[in-house]
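Here is work.txt, consisting of compact mmCIF, C-alpha atoms:
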# COMPACT_ATOMS: atom_id res chain seq x y z
CA MET A 1 -19.98 87.73 182.33
CA HIS A 2 -19.24 87.40 178.54
CA ARG A 3 -18.05 90.59 177.02
CA ARG A 4 -15.99 90.45 173.84
CA GLY A 5 -12.53 91.93 173.37
CA VAL A 6 -11.95 93.43 176.81
CA GLY A 7 -10.14 92.16 179.82
CA ALA A 8 -6.74 90.62 180.51
CA GLY A 9 -7.75 87.36 178.90
CA ALA A 10 -8.71 89.08 175.67
CA ILE A 11 -5.48 91.03 175.57
CA ALA A 12 -3.42 87.92 176.17
CA LYS A 13 -5.35 86.13 173.45
CA LYS A 14 -4.71 89.03 171.08
CA LYS A 15 -1.05 88.97 171.85
CA LEU A 16 -0.90 85.25 171.21
CA ALA A 17 -2.67 85.69 167.90
CA GLU A 18 -0.22 88.42 166.87
CA ALA A 19 2.71 86.23 167.79
CA LYS A 20 1.29 83.38 165.79
CA TYR A 21 0.76 85.60 162.74
CA LYS A 22 4.27 86.92 163.02
CA GLU A 23 5.61 83.42 163.21
CA ARG A 24 3.56 82.45 160.23
CA GLY A 25 4.84 85.46 158.36
CA THR A 26 8.40 84.46 159.06
CA VAL A 27 7.74 80.92 157.96
CA LEU A 28 6.18 82.18 154.76
CA ALA A 29 9.13 84.47 154.10
CA GLU A 30 11.55 81.67 154.72
CA ASP A 31 9.59 79.47 152.39
CA GLN A 32 9.74 82.07 149.72
CA LEU A 33 13.44 82.48 150.26
CA ALA A 34 14.01 78.75 149.95
CA GLN A 35 11.98 78.63 146.76
CA MET A 36 13.71 81.62 145.28
CA SER A 37 17.09 80.14 146.10
CA LYS A 38 16.20 76.95 144.32
CA GLN A 39 14.99 78.88 141.30
CA LEU A 40 18.11 80.99 141.34
CA ASP A 41 20.29 77.89 141.29
CA MET A 42 18.34 76.53 138.36
CA PHE A 43 18.61 79.86 136.58
CA LYS A 44 22.33 79.91 137.19
CA THR A 45 22.79 76.44 135.72
CA ASN A 46 20.69 77.29 132.69
CA LEU A 47 22.59 80.49 132.20
CA GLU A 48 25.93 78.75 132.35
CA GLU A 49 24.70 76.34 129.73
CA PHE A 50 23.44 79.19 127.58
CA ALA A 51 26.69 81.01 127.99
CA SER A 52 28.88 78.15 126.88
CA LYS A 53 26.62 77.36 123.95
CA HIS A 54 26.25 80.91 122.70
CA LYS A 55 29.41 82.68 123.77
CA GLN A 56 30.86 82.27 120.29
CA GLU A 57 27.64 83.39 118.72
CA ILE A 58 27.55 86.55 120.77
CA ARG A 59 31.05 87.48 119.80
CA LYS A 60 30.58 86.65 116.13
CA ASN A 61 27.06 87.64 115.20
CA PRO A 62 25.87 91.24 115.37
CA GLU A 63 22.21 90.34 114.89
CA PHE A 64 22.38 87.88 117.72
CA ARG A 65 23.92 90.56 119.89
CA VAL A 66 21.03 92.91 119.23
CA GLN A 67 18.52 90.24 120.19
CA PHE A 68 20.55 89.39 123.24
CA GLN A 69 20.62 93.02 124.32
CA ASP A 70 16.85 93.28 123.79
CA MET A 71 16.30 90.21 125.90
CA CYS A 72 18.44 91.65 128.65
CA ALA A 73 16.56 94.92 128.50
CA THR A 74 13.26 93.07 128.89
CA ILE A 75 14.31 91.39 132.11
CA GLY A 76 15.93 94.57 133.37
CA VAL A 77 19.53 93.55 133.06
CA ASP A 78 22.29 95.65 131.53
CA PRO A 79 25.01 93.25 130.43
CA LEU A 80 27.53 96.03 130.32
CA ALA A 81 26.86 97.48 133.77
CA CYS A 82 29.05 96.81 136.75
CA VAL A 83 26.20 95.53 138.86
CA SER A 84 23.12 94.20 137.17
CA HIS A 85 19.89 95.64 138.50
CA CYS A 86 16.91 93.42 138.96
CA ALA A 87 13.57 94.81 137.86
CA ARG A 88 12.01 94.48 141.32
CA PRO A 89 13.37 97.11 143.69
CA GLU A 90 10.58 96.52 146.20
CA MET A 91 12.20 93.22 147.02
CA THR A 92 14.91 95.09 148.87
CA PHE A 93 12.49 96.00 151.53
CA ARG A 94 10.38 92.90 151.71
CA LEU A 95 13.10 90.34 151.65
CA PRO A 96 16.44 91.86 152.46
CA ALA A 97 18.12 88.48 152.67
CA LEU A 98 17.00 87.58 149.17
CA TRP A 99 18.01 90.96 147.73
CA SER A 100 21.51 90.69 149.03
CA ARG A 101 21.74 87.15 147.64
CA LEU A 102 20.64 88.44 144.25
CA THR A 103 23.09 91.33 144.10
CA LEU A 104 25.84 89.01 145.15
CA PHE A 105 24.83 86.61 142.45
CA PHE A 106 24.97 89.25 139.78
CA SER A 107 28.04 91.12 140.84
CA ARG A 108 30.20 88.13 141.69
CA SER A 109 33.31 88.77 143.62
CA TYR A 110 34.91 91.20 141.22
CA PRO A 111 33.59 94.71 141.68
CA GLY A 112 33.61 96.60 138.39
CA LYS A 113 33.42 93.59 136.14
CA GLY A 114 29.88 92.55 135.32
CA PHE A 115 28.63 89.01 135.75
CA TRP A 116 27.58 88.97 132.14
CA SER A 117 30.87 90.23 130.82
CA GLU A 118 32.67 87.46 132.65
CA MET A 119 30.23 84.76 131.66
CA LEU A 120 29.73 85.72 128.08
CA GLY A 121 32.63 87.93 127.16
CA VAL A 122 30.14 90.61 126.13
CA GLY A 123 31.87 93.32 128.12
CA ASP A 124 35.25 92.55 126.59
CA PHE A 125 33.78 92.79 123.12
CA TYR A 126 32.41 96.30 123.69
CA TYR A 127 35.45 97.38 125.63
CA GLU A 128 37.73 96.40 122.77
CA LEU A 129 35.39 98.06 120.30
CA GLY A 130 35.48 101.26 122.36
CA VAL A 131 39.26 101.27 122.22
CA GLN A 132 39.18 100.78 118.46
CA ILE A 133 36.72 103.61 118.03
CA ILE A 134 38.97 105.93 119.99
CA GLU A 135 41.95 104.91 117.85
CA VAL A 136 40.11 105.64 114.60
CA CYS A 137 38.90 109.00 115.85
CA LEU A 138 42.38 110.00 117.00
CA ALA A 139 43.90 109.00 113.67
CA LEU A 140 41.43 111.07 111.66
CA LYS A 141 41.08 113.99 114.02
CA HIS A 142 43.60 116.10 112.11
CA ARG A 143 41.42 115.79 109.05
CA ASN A 144 37.96 116.35 110.42
CA GLY A 145 38.50 118.15 113.70
CA GLY A 146 37.08 115.30 115.78
CA LEU A 147 33.78 114.90 113.97
CA ILE A 148 33.06 111.79 111.91
CA THR A 149 30.01 110.21 110.35
CA LEU A 150 28.85 106.88 111.73
CA GLU A 151 29.31 105.38 108.25
CA GLU A 152 32.93 106.42 107.95
CA LEU A 153 33.64 105.26 111.49
CA HIS A 154 32.07 101.92 110.65
CA GLN A 155 34.16 101.55 107.48
CA GLN A 156 37.37 102.41 109.29
CA VAL A 157 36.66 100.09 112.20
CA LEU A 158 35.93 97.19 109.84
CA LYS A 159 39.13 97.98 107.95
CA GLY A 160 41.09 97.91 111.15
CA ARG A 161 39.66 94.59 112.20
CA GLY A 162 40.68 92.85 108.99
CA LYS A 163 38.97 90.16 106.99
CA PHE A 164 38.86 87.46 109.62
CA ALA A 165 37.85 89.51 112.61
CA GLN A 166 34.37 89.52 114.09
CA ASP A 167 31.71 91.43 112.26
CA VAL A 168 30.66 94.70 113.83
CA SER A 169 27.38 96.49 113.17
CA GLN A 170 26.50 100.16 113.46
CA ASP A 171 24.31 99.20 116.42
CA ASP A 172 27.39 97.81 118.14
CA LEU A 173 29.22 101.07 117.51
CA ILE A 174 26.44 103.17 118.99
CA ARG A 175 26.32 100.99 122.10
CA ALA A 176 30.06 101.18 122.57
CA ILE A 177 30.03 104.94 122.08
CA LYS A 178 27.21 105.32 124.61
CA LYS A 179 29.39 103.51 127.12
CA LEU A 180 32.33 105.74 126.25
CA LYS A 181 30.07 108.73 126.75
CA ALA A 182 29.04 107.48 130.17
CA LEU A 183 32.69 107.15 131.14
CA GLY A 184 33.08 110.86 130.55
CA THR A 185 35.50 110.64 127.64
CA GLY A 186 34.03 113.60 125.80
CA PHE A 187 32.27 111.52 123.17
CA GLY A 188 29.00 112.77 121.75
CA ILE A 189 26.40 111.58 119.27
CA ILE A 190 24.74 114.17 117.01
CA PRO A 191 21.84 113.14 114.78
CA VAL A 192 22.07 114.54 111.24
CA GLY A 193 19.82 113.81 108.29
CA GLY A 194 19.06 110.18 108.98
CA THR A 195 22.43 109.21 110.37
CA TYR A 196 24.75 110.31 113.17
CA LEU A 197 27.88 112.37 113.58
CA ILE A 198 30.20 111.08 116.26
CA GLN A 199 32.05 113.75 118.17
CA SER A 200 35.28 112.59 119.73
CA VAL A 201 36.83 115.86 120.73
CA PRO A 202 34.85 117.76 123.34
CA ALA A 203 34.49 120.84 121.20
CA GLU A 204 31.84 123.08 122.60
CA LEU A 205 28.95 122.58 120.27
CA ASN A 206 25.63 124.07 121.22
CA MET A 207 22.28 123.77 119.49
CA ASP A 208 23.13 126.48 116.96
CA HIS A 209 26.27 124.67 115.90
CA THR A 210 24.65 121.29 115.56
CA VAL A 211 21.78 122.60 113.52
CA VAL A 212 24.22 124.22 111.08
CA LEU A 213 26.11 120.91 110.88
CA GLN A 214 22.87 119.24 109.93
CA LEU A 215 22.30 121.85 107.25
CA ALA A 216 25.79 121.27 105.84
CA GLU A 217 25.24 117.55 105.51
CA LYS A 218 23.56 117.91 102.13
CA ASN A 219 26.47 119.39 100.19
CA GLY A 220 29.39 119.08 102.55
CA TYR A 221 29.51 122.85 102.91
CA VAL A 222 27.35 125.69 104.10
CA THR A 223 27.14 129.43 103.43
CA VAL A 224 25.84 132.42 105.32
CA SER A 225 23.03 132.87 102.79
CA GLU A 226 21.98 129.28 103.08
CA ILE A 227 21.80 129.55 106.85
CA LYS A 228 19.80 132.73 106.66
CA ALA A 229 17.39 131.25 104.14
CA SER A 230 16.87 127.86 105.81
CA LEU A 231 17.02 128.80 109.48
CA LYS A 232 15.79 132.39 109.23
CA TRP A 233 18.70 133.73 111.26
CA GLU A 234 20.32 137.13 111.26
CA THR A 235 23.63 137.52 109.44
CA GLU A 236 25.54 138.03 112.67
CA ARG A 237 24.26 134.84 114.28
CA ALA A 238 25.16 132.83 111.17
CA ARG A 239 28.62 134.38 111.03
CA GLN A 240 29.32 133.64 114.68
CA VAL A 241 28.45 129.97 114.31
CA LEU A 242 30.67 129.64 111.24
CA GLU A 243 33.53 131.43 112.97
CA HIS A 244 33.21 129.02 115.86
CA LEU A 245 33.29 125.99 113.56
CA LEU A 246 36.41 127.41 111.91
CA LYS A 247 37.99 127.98 115.30
CA GLU A 248 37.26 124.43 116.41
CA GLY A 249 38.96 123.11 113.27
CA LEU A 250 35.74 121.53 112.04
CA ALA A 251 35.30 123.80 109.04
CA TRP A 252 37.66 124.94 106.27
CA LEU A 253 37.22 128.31 104.61
CA ASP A 254 36.85 128.56 100.84
CA LEU A 255 37.09 132.12 99.56
CA GLN A 256 37.19 131.22 95.89
CA ALA A 257 33.72 129.79 95.75
CA PRO A 258 31.32 131.53 93.39
CA GLY A 259 29.25 134.19 95.08
CA GLU A 260 30.25 134.00 98.72
CA ALA A 261 32.52 132.16 101.10
CA HIS A 262 31.85 128.45 101.47
CA TYR A 263 32.51 126.71 104.77
CA TRP A 264 33.42 123.07 104.12
CA LEU A 265 33.14 120.29 106.66
CA PRO A 266 35.68 117.51 106.06
CA ALA A 267 33.77 115.28 108.47
CA LEU A 268 31.01 115.07 105.88
CA PHE A 269 33.25 114.47 102.86
CA THR A 270 33.43 110.72 102.59
CA ASP A 271 29.72 110.45 101.98
CA LEU A 272 29.99 112.84 99.07
CA TYR A 273 33.15 111.96 97.31
CA SER A 274 33.10 108.24 97.76
CA GLN A 275 30.65 108.33 94.91
CA GLU A 276 32.90 110.30 92.61
CA ILE A 277 36.45 109.07 93.02
CA THR A 278 37.93 105.69 93.72
CA ALA A 279 39.45 104.70 97.02
CA GLU A 280 42.89 104.65 95.39
CA GLU A 281 42.55 108.24 94.24
CA ALA A 282 41.35 109.23 97.67
CA ARG A 283 44.36 107.63 99.31
CA GLU A 284 46.72 109.39 96.94
CA ALA A 285 45.16 112.75 97.52
CA LEU A 286 45.60 112.85 101.26
CA PRO A 287 48.80 112.98 103.29
CA MET B 1 43.34 137.45 112.16
CA ALA B 2 44.03 139.63 109.12
CA MET B 3 42.94 137.92 105.96
CA SER B 4 43.15 139.32 102.48
CA PHE B 5 40.55 138.15 100.04
CA GLU B 6 43.22 136.47 97.89
CA TRP B 7 44.48 134.41 100.77
CA PRO B 8 43.00 130.94 100.84
CA LEU B 9 45.41 129.60 103.40
CA GLN B 10 43.23 128.70 106.34
CA PRO B 11 42.77 131.25 109.10
CA ASN B 12 42.77 128.60 111.84
CA VAL B 13 46.43 127.96 112.71
CA ASP B 14 46.07 124.22 113.30
CA THR B 15 44.03 123.80 110.15
CA ARG B 16 46.62 125.78 108.20
CA GLN B 17 49.34 123.35 109.33
CA LYS B 18 47.26 120.48 108.00
CA GLN B 19 46.65 122.42 104.80
CA LEU B 20 50.35 123.08 104.23
CA ALA B 21 51.22 119.46 104.92
CA ALA B 22 48.59 118.35 102.42
CA TRP B 23 49.92 120.73 99.75
CA CYS B 24 53.50 119.61 100.27
CA SER B 25 52.48 116.01 99.91
CA LEU B 26 50.47 116.81 96.78
CA VAL B 27 53.35 118.70 95.14
CA LEU B 28 55.75 115.81 95.73
CA SER B 29 53.28 113.21 94.48
CA PHE B 30 52.54 115.28 91.40
CA CYS B 31 56.19 115.79 90.52
CA ARG B 32 56.97 112.16 91.12
CA LEU B 33 54.10 111.06 88.89
CA HIS B 34 54.95 113.45 86.07
CA LYS B 35 58.70 112.87 86.49
CA GLN B 36 59.28 116.56 86.88
CA SER B 37 62.43 117.47 88.70
CA SER B 38 62.44 121.20 88.14
CA MET B 39 59.93 123.95 87.51
CA THR B 40 59.58 127.67 87.31
CA VAL B 41 57.13 129.48 89.53
CA MET B 42 55.25 130.71 86.46
CA GLU B 43 54.88 127.14 85.24
CA ALA B 44 53.69 126.04 88.63
CA GLN B 45 51.01 128.71 88.77
CA GLU B 46 49.44 127.50 85.56
CA SER B 47 49.99 123.79 86.04
CA PRO B 48 47.12 121.57 87.11
CA LEU B 49 49.00 121.23 90.36
CA PHE B 50 48.03 124.67 91.59
CA ASN B 51 45.32 125.48 89.10
CA ASN B 52 42.40 123.12 89.13
CA VAL B 53 40.25 124.09 86.20
CA LYS B 54 37.54 121.56 86.89
CA LEU B 55 37.01 122.84 90.42
CA GLN B 56 37.66 126.44 89.43
CA ARG B 57 40.13 126.96 92.20
CA LYS B 58 43.70 128.21 92.02
CA LEU B 59 46.26 128.77 94.67
CA PRO B 60 47.44 132.39 94.37
CA VAL B 61 51.14 133.03 93.95
CA GLU B 62 51.69 134.25 97.51
CA SER B 63 50.35 130.99 98.88
CA ILE B 64 52.38 129.03 96.34
CA GLN B 65 55.48 130.78 97.66
CA ILE B 66 54.58 129.69 101.18
CA VAL B 67 54.13 126.08 100.10
CA LEU B 68 57.45 126.14 98.22
CA GLU B 69 59.21 127.64 101.23
CA GLU B 70 57.79 124.88 103.38
CA LEU B 71 59.16 122.29 100.96
CA ARG B 72 62.53 123.99 101.00
CA LYS B 73 62.61 123.83 104.78
CA LYS B 74 61.88 120.13 104.63
CA GLY B 75 64.75 119.55 102.21
CA ASN B 76 62.67 118.64 99.17
CA LEU B 77 63.21 121.84 97.24
CA GLU B 78 66.15 123.95 96.16
CA TRP B 79 66.04 127.35 94.44
CA LEU B 80 68.01 127.36 91.22
CA ASP B 81 68.43 131.12 91.02
CA LYS B 82 68.71 134.08 93.35
CA SER B 83 65.44 135.61 92.27
CA LYS B 84 63.58 132.45 93.25
CA SER B 85 61.94 132.03 89.89
CA SER B 86 62.84 128.40 89.29
CA PHE B 87 63.46 125.47 91.57
CA LEU B 88 64.58 121.89 91.80
CA ILE B 89 61.99 119.60 93.29
CA MET B 90 63.03 116.28 94.83
CA TRP B 91 60.26 113.99 95.98
CA ARG B 92 62.92 112.14 97.93
CA ARG B 93 65.46 114.20 99.81
CA PRO B 94 69.06 113.97 98.54
CA GLU B 95 70.15 112.13 101.68
CA GLU B 96 67.47 109.50 101.08
CA TRP B 97 68.56 108.99 97.48
CA GLY B 98 72.17 108.79 98.62
CA LYS B 99 71.28 106.07 101.06
CA LEU B 100 69.47 104.02 98.41
CA ILE B 101 72.36 104.33 95.96
CA TYR B 102 74.92 103.38 98.58
CA GLN B 103 72.85 100.39 99.63
CA TRP B 104 72.80 99.15 96.05
CA VAL B 105 76.53 99.63 95.74
CA SER B 106 77.20 97.64 98.92
CA ARG B 107 74.70 94.94 98.07
CA SER B 108 76.25 94.33 94.71
CA GLY B 109 79.72 94.32 96.26
CA GLN B 110 80.88 97.29 94.23
CA ASN B 111 82.48 99.42 96.89
CA ASN B 112 85.71 100.87 95.57
CA SER B 113 84.31 100.89 92.06
CA VAL B 114 84.02 103.90 89.84
CA PHE B 115 80.88 104.80 87.93
CA THR B 116 79.94 107.50 85.52
CA LEU B 117 76.83 109.39 86.50
CA TYR B 118 75.17 108.02 83.38
CA GLU B 119 75.90 104.44 84.37
CA LEU B 120 74.23 104.92 87.71
CA THR B 121 70.99 106.26 86.42
CA ASN B 122 70.78 104.68 83.00
CA GLY B 123 72.90 101.57 83.14
CA GLU B 124 71.46 98.10 82.69
CA ASP B 125 72.56 97.08 86.15
CA THR B 126 70.38 99.61 87.85
CA GLU B 127 67.23 99.01 85.86
CA ASP B 128 65.41 97.56 88.82
CA GLU B 129 66.51 100.24 91.20
CA GLU B 130 64.39 103.16 92.25
CA PHE B 131 67.03 105.66 91.33
CA HIS B 132 67.14 104.46 87.75
CA GLY B 133 66.21 107.39 85.51
CA LEU B 134 66.90 109.95 88.23
CA ASP B 135 67.69 113.42 86.89
CA GLU B 136 71.28 114.57 87.06
CA ALA B 137 70.75 117.53 89.35
CA THR B 138 69.13 115.41 92.04
CA LEU B 139 71.69 112.66 91.55
CA LEU B 140 74.52 115.12 92.05
CA ARG B 141 73.06 116.32 95.30
CA ALA B 142 72.56 112.76 96.46
CA LEU B 143 76.20 112.00 95.77
CA GLN B 144 77.25 115.21 97.48
CA ALA B 145 75.38 114.06 100.56
CA LEU B 146 77.29 110.76 100.44
CA GLN B 147 80.50 112.68 99.93
CA GLN B 148 79.82 114.55 103.16
CA GLU B 149 79.62 111.21 104.91
CA HIS B 150 82.86 110.09 103.28
CA LYS B 151 81.05 107.28 101.53
CA ALA B 152 81.74 108.58 98.03
CA GLU B 153 83.80 111.02 96.04
CA ILE B 154 82.72 112.86 92.94
CA ILE B 155 85.46 112.78 90.32
CA THR B 156 86.00 113.82 86.74
CA VAL B 157 86.09 111.10 84.15
CA SER B 158 86.83 111.19 80.45
CA ASP B 159 83.62 112.71 79.22
CA GLY B 160 81.97 114.14 82.26
CA ARG B 161 81.66 113.32 85.87
CA GLY B 162 81.72 110.15 87.83
CA VAL B 163 81.80 108.88 91.34
CA LYS B 164 83.89 106.52 93.38
CA PHE B 165 82.31 104.69 96.27
CA PHE B 166 84.10 103.61 99.43

Output the file's structure in the form of structure tokens.
Amino acid sequence: MHRRGVGAGAIAKKKLAEAKYKERGTVLAEDQLAQMSKQLDMFKTNLEEFASKHKQEIRKNPEFRVQFQDMCATIGVDPLACVSHCARPEMTFRLPALWSRLTLFFSRSYPGKGFWSEMLGVGDFYYELGVQIIEVCLALKHRNGGLITLEELHQQVLKGRGKFAQDVSQDDLIRAIKKLKALGTGFGIIPVGGTYLIQSVPAELNMDHTVVLQLAEKNGYVTVSEIKASLKWETERARQVLEHLLKEGLAWLDLQAPGEAHYWLPALFTDLYSQEITAEEAREALP
Amino acid sequence: MAMSFEWPLQPNVDTRQKQLAAWCSLVLSFCRLHKQSSMTVMEAQESPLFNNVKLQRKLPVESIQIVLEELRKKGNLEWLDKSKSSFLIMWRRPEEWGKLIYQWVSRSGQNNSVFTLYELTNGEDTEDEEFHGLDEATLLRALQALQQEHKAEIITVSDGRGVKFF
């Protein structure tokens, strides 16, 4: 009697087939793992070579750093993160052994210090830059209330680093500040008229405040009339924002201005008066 | 916070501190640059120090008084009359001048020497010193400070006053 698929024999056969497939699957997985391991070793060697060749370049050349960061972004690696994340999360489920090997590879034995920062000194560079940025902001806080343009920050940081120190670009500053932000230090980045204002003191600035700051960028000051005309606000709303900026120490009141009170923002000054007076005069004029 | 229209000192307390500090520094720099050691309040009001014609801003007299009081508290200013109409302005405090003078005296090995006030500020020997050309009023106060520390004694000499250093 030949009937297909039924009967003890058929079941046993099926079970055998299943077992064989499973075995095959395991073999395949192991194969893949072996291959991946080999590739990983090769990658590691190449990377070490790259690191030693370009470590200096990374620390010295801001353009190179940008390209390096772009490259890292493409392959899904954040050189400044504590544990680098591979771009293939589904691997965790398919090949758990491989995934744990990868995370180990990228995180090394020091939790909190990235593989890349160790290898290439990239982390140190941005860490040091972050510290410098904080120092500059603290030093100038009395003058501008904790708000500074990216340009002025850049100038001051370069000044602090001296002639022979490594060159730092505005891109570097933004990256470092983003990291500072992520660490919860109260740093903020506010876009204004083509550039950025860096906020180092966690003053409470809502949308209304930032939009008025952007308006003030043109002349370094702003008035109630100007706010009403440009933003179409009521007098009271404009007044409240200006009072808040005064309270936060970001704005200075000028009651002798022609027409109405002017609210000046020292954070925006250097852009304006660097064109009119020399650095020497500027130094003399300030305490 | 009550604010009269004539009152350009900043309403924010922290900002006002910064403002006062900036004014004090400006006054001292200005006086140092123009070699002015004394002034009347009327003069000050009209001087480019407190009246900036180009910017069309002046500091009103009440605010000027506050700045001057701040300078007095810091030891850089002394009223020359009871009605507070004129003052002595010292961009270095008398104690600081005293220290510089005494250092010169020690360096040049002239302790126990006697000098006339004129010699100190206008003599050839002090040409390279910072206190060369210092006005008499400030010099006197500097020497008085040294006298307090028993480092000097102001004495009378033939045609005026002098000082002996210890």

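Any residue of chain B with an atom within 9 Å of chain A counts; using all atoms listed in the file, that gives Phe5, Glu6, Trp7, Pro8, Leu9, Gln10, Pro11, Asn12, Val13, Asp14, Thr15, Lys18, Ala21, Ala22, Trp23, Cys24, Ser25, Leu26, Ser29, Gln56, Arg57 and Lys58 of chain B.
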
### Query
Which residues come within 9 Å of region 133-147 of chain B, counting only C-alpha atoms, excluding same-chain residues fewer than 4 positions away, as a PyMOL selection string?
chain B and resi 35-37+88-90+93-99+101-102+117-118+120-122+127+151-154+163+165

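Pairwise distance (CA of Gly162 (chain B), CA of Gly123 (chain B)) equals 13.2 Å.
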
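Distance check against Pro266 (chain A) using all atoms listed in the file: of A:Gly193, A:Gly146, A:Gly162, A:Gly188, the minimum falls on A:Gly146.
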
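Taking CA of Gly130 (chain A) as the reference point, CA of Gly194 (chain A) is found at 23.0 Å.
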
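Our summary of the geometry notes that CA of Leu180 (chain A) is positioned 23.4 Å from CA of Lys55 (chain A).
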
### Task
Write out as a list in words each polymer residue whose atoms come within 8 Å of Val192 (chain A), counting all atoms listed in the file; drop sequence neighbours fewer than 5 positions from it.
Leu197, Leu213, Gln214 and Glu217 of chain A

Restricting it to C-alpha atoms, dump the selection as a short mmCIF file (atom, residue, chain, number, x, y, z; two decimals), keeping the file's coordinate frame.
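Output contents, as saved in result-v1.cif:
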data_model
loop_
_atom_site.label_atom_id
_atom_site.label_comp_id
_atom_site.auth_asym_id
_atom_site.auth_seq_id
_atom_site.Cartn_x
_atom_site.Cartn_y
_atom_site.Cartn_z
CA LEU A 197 27.88 112.37 113.58
CA LEU A 213 26.11 120.91 110.88
CA GLN A 214 22.87 119.24 109.93
CA GLU A 217 25.24 117.55 105.51
#

### Task
Please provide the set of residues having any atom within 9 Å of Arg92 (chain B), restricted to all atoms listed in the file, with same-chain residues fewer than 6 positions apart removed, written as JSON, numbers by chain.
{"B": [28, 75, 76]}

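Of the residues listed (A:Val66, A:Ile58, A:Ile190, A:Ala12), A:Ile58 shows the shortest atom-to-atom separation from Phe125 (chain A); distances use all atoms listed in the file.
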
### Query
Given the choices A:Leu129, A:Ala261, A:Ala34, A:Val212, which gets closest to Arg59 (chain A) if the distance is worked out from all atoms listed in the file?
A:Leu129

If we count all atoms listed in the file and set the cut-off at 9 Å, which residues sit around region 172-174 of chain A, ignoring sequence neighbours fewer than 6 positions away in its own chain? Please answer as an mmCIF file with C-alpha atoms, keeping the file's coordinate frame.
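The result, stored in result_12.cif:
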data_model
loop_
_atom_site.group_PDB
_atom_site.id
_atom_site.type_symbol
_atom_site.label_atom_id
_atom_site.label_comp_id
_atom_site.auth_asym_id
_atom_site.auth_seq_id
_atom_site.Cartn_x
_atom_site.Cartn_y
_atom_site.Cartn_z
ATOM 1 C CA PRO A 62 25.870 91.240 115.370
ATOM 2 C CA ARG A 65 23.920 90.560 119.890
ATOM 3 C CA VAL A 66 21.030 92.910 119.230
ATOM 4 C CA TYR A 126 32.410 96.300 123.690
ATOM 5 C CA LEU A 129 35.390 98.060 120.300
ATOM 6 C CA GLY A 130 35.480 101.260 122.360
ATOM 7 C CA ILE A 133 36.720 103.610 118.030
ATOM 8 C CA LEU A 150 28.850 106.880 111.730
ATOM 9 C CA LEU A 153 33.640 105.260 111.490
ATOM 10 C CA HIS A 154 32.070 101.920 110.650
ATOM 11 C CA ILE A 189 26.400 111.580 119.270
#

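If all atoms listed in the file are the atoms counted, then among B:Ser86, B:Met42, B:Leu77, B:Val27 the closest residue to Pro60 (chain B) is B:Met42.
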